[in-house]
2 protein chains.
Amino acid sequence: MIVELINTGTELLLGRVLNTHQQWLCRRLADLGYVVSRQVAVPDTGPAIQQVVVESLSRADLVVVTGGLGPTSDDITRDLIARLLGRTLREDPAIVAHIRNYFESRKRPMPESTRIQAQVPEGAIVLPNPNGTAPGLAMPIATNPFRAGNGALLVMLPGPPRELRPMFSECVVPLLQKHLPAAGSFACRTLRSIGIGESVVQEMVAPLLQSFVGRGLEIGYCARPGRVDVRLASSTADAARMVKEAEAIVAAKLGKNLYGFEDDDLETAVVHLLTKRGQTLALAESCTGGYISHLITNVPGASAVLLAGLVTYSNAAKQQFVGVNQATLEAHGAVSEPVAREMAEGIRHKTGADYALAVTGIAGPGGGTSEKPLGTVFIALARPEPTVVLKQQNAYDRETFKQVTAQRALDMLRRTVA
Amino acid sequence: MIVELINTGTELLLGRVLNTHQQWLCRRLADLGYVVSRQVAVPDTGPAIQQVVVESLSRADLVVVTGGLGPTSDDITRDLIARLLGRTLREDPAIVAHIRNYFESRKRPMPESTRIQAQVPEGAIVLPNPNGTAPGLAMPIATNPFRAGNGALLVMLPGPPRELRPMFSECVVPLLQKHLPAAGSFACRTLRSIGIGESVVQEMVAPLLQSFVGRGLEIGYCARPGRVDVRLASSTADAARMVKEAEAIVAAKLGKNLYGFEDDDLETAVVHLLTKRGQTLALAESCTGGYISHLITNVPGASAVLLAGLVTYSNAAKQQFVGVNQATLEAHGAVSEPVAREMAEGIRHKTGADYALAVTGIAGPGGGTSEKPLGTVFIALARPEPTVVLKQQNAYDRETFKQVTAQRALDMLRRTVA
């Protein structure tokens, strides 16, 4: 089965927004057995959209198109595709009622322009949109004019992610299973490691998987700042078992460098470990500015683990809230091993947490010196055992600095607790 | 001039990573006058990469390809493209020396597999990579075999963003300006609004821009949670002046709902406003878990504005660090108007900040009640004038809840300070 994804939107080609649909839809489709073989983004212009839809229909059994279903003048996908397939548009009274109700329940007047979203091409299945006004549309094409002898299913979804995602899960998944059941088996597993480089990871695991590769296992490596993902995939008849066996081998070899699977993040691993042990955490952040706290609180259930996270950005706040000594600040400066230690021990003592992480450093772009260059950072972990402090040089841009430093701090905690 | 972008990587099609290159490269290219007309992602397989490169070369003057230049077995882009264009590969001793030095300076052994990255196709320009081991490659093609009578420039860039981005800025930009100077003029401006819906924004601004549209202005609208971007673009001879005039009209009409331009975020607007006035900010966050603090500290120069950000996740922390009264917690519960007020006033008093924002609510997925359903949140702003408290129902998933709530809190502050 050939599957293609088309994202429409001039803003994508001008680089004004990030295309999150690509990852979200590709992943959901792959996990259901519909691996996307090509993703294309084109601007909101008639010829570009028509050309790419014709190309995809000439190759694919399933074509998913996102965007261009809204009420504004650049929303032209529905109209163009209907014309391309020779289907007439009719206003659907149920959709008009939904749009009217949507605005009424929000006590806002219904703009006349939103009514265009009720136009439905002949033969299309309407996918209701409880989170917005534009419905999605699915068009079964019995005889594909662009690929003789084949049928196709064309699905159009609205652009906003919080409308598209529930619509996909609630309407598109059952539709696919009914109209276009996935034939082959597909299995995919991603193992996430931290602390070793990409080529070293390959040298560790590739020799152990040679016989699997001969039998159809695909191995992929993906480097991220400070981390490497190993992806194992197969489309063979025994895909699930093959991937499972390969996973066990890779996991054993990576050992403590393996921190999770699929979308697992370090913060999830840390929250789960601490929850299981009934232990608690406190944070005192300077240069990471609340980012570690933000990561931890993204994990559902974090409230059972995180007692408090203090962003002590100023020296005064370091003294006032976590009890750093003025003498220590004066003798060593805010970015120093002793201050990191006092921050971690101070917040651990004040909150009574089992573990406390503290971070102080120079994120940039300003503030570096020859002795403490940009990117210098001290990460302290206070715990029942003696406090440990790690010094790092994370000379990146400001946001990457925060990311890499936060990952490193969470990994220190993970390796201690695990 | 026709420009196309190809992103290679099976992980993209399996949805295992987010394609950030699309936005970053499209935006940089557009701003230089090279608007991308199509972006395509294909897996790391020989036929898929070769097919899409041939298609792009049959249409485009400039083709940018990302990924597949690394040391692992799925890095095949360089080899495939060389073969497609009939160029032989040769090892470049300068690149071997760079790779060796890269590992030596990090006190790590050089894996033999990394040496493959020193292979250079005949006639290619090497783009040095100070942030990694794989260089980029630019291939001027005098006679494009796939588009008779035309030349082309094909640029290959490494996948990791922190290698690709500086390489683009330092090497690719000068190369483009030399080999392929942009002919037309192009201007683009994005205005960012908050507090009004997409169709209302269009109804406000579209009638005022009719004469511009007749003369070649393109208008785009992009809805995000709680916000709407208006994009004005033109490729006419007087593009810059036209966009500037249209911008002034839209800005005047949007009034206080306009919070910035291009990539400006609310946090940037807030930090700049407070910096200009020499005023300071403190935060007490519960359900947003440090996210507001993280946003504020992403802005360079935030340290002059943010005194402290306290993530008082537990009731004990609310009492201990910001001075919420136990009686208030018992009488009204942690998610309540009086607790939000005491948090904001407490942290403002403790730090001496001019402004203090406090947030308490139910992010979910658990914790909702019939009286205080999931998504209930109180946002308090303490300031020299009497404190204001806003109640909202932001019933989204956990991360969207944090985003929408943080945006709303920052916007309260922005409208007060502006």
# chains A, B, ... in the order shown; residues from 1 in each chain; ligands from 1
>>> interface_residues(of="chain A", to="chain B", cutoff="6 Å", atoms="only C-alpha atoms", output="ChimeraX atom specification")
/A:13-15,18,23,26-27,30,36,38-42,289-291,293-294,297,307-314
>>> select_by_dssp(residues="segment 23-253 of chain B", states="strand (DSSP E or B)", output="PyMOL selection string")
chain B and resi 36-42+62-66+89-91+119-121+125-127+136-141+152-157+187-194+218-224+227-234
>>> closest_residue(among="A:Arg83, A:Arg215, A:His179, A:Lys256", to="Ala239 of chain A", atoms="only C-alpha atoms")
A:Arg215
>>> atom_distance(atom1="atom CA of Asp354 of chain A", atom2="atom CA of Arg277 of chain A")
10.6 Å
>>> atom_distance(atom1="atom CA of Gly136 of chain B", atom2="atom CA of Ala406 of chain A")
29.7 Å
>>> residues_around(residues="Lys253 of chain B", least_positions_apart="3", cutoff="8 Å", atoms="only C-alpha atoms", output="JSON, numbers by chain")
{"B": [204, 205, 249, 250]}
>>> select_by_dssp(residues="segment 294-418 of chain A", states="helix (DSSP H, G or I)", output="JSON, numbers by chain")
{"A": [294, 295, 296, 297, 302, 303, 304, 315, 316, 317, 318, 319, 320, 321, 322, 326, 327, 328, 329, 330, 331, 332, 337, 338, 339, 340, 341, 342, 343, 344, 345, 346, 347, 348, 349, 350, 351, 398, 399, 400, 401, 402, 403, 404, 405, 406, 407, 408, 409, 410, 411, 412, 413, 414, 415, 416, 417]}
>>> closest_residue(among="B:Glu342, B:Pro145, B:Thr66, B:Leu84", to="Arg165 of chain B", atoms="only C-alpha atoms")
B:Thr66
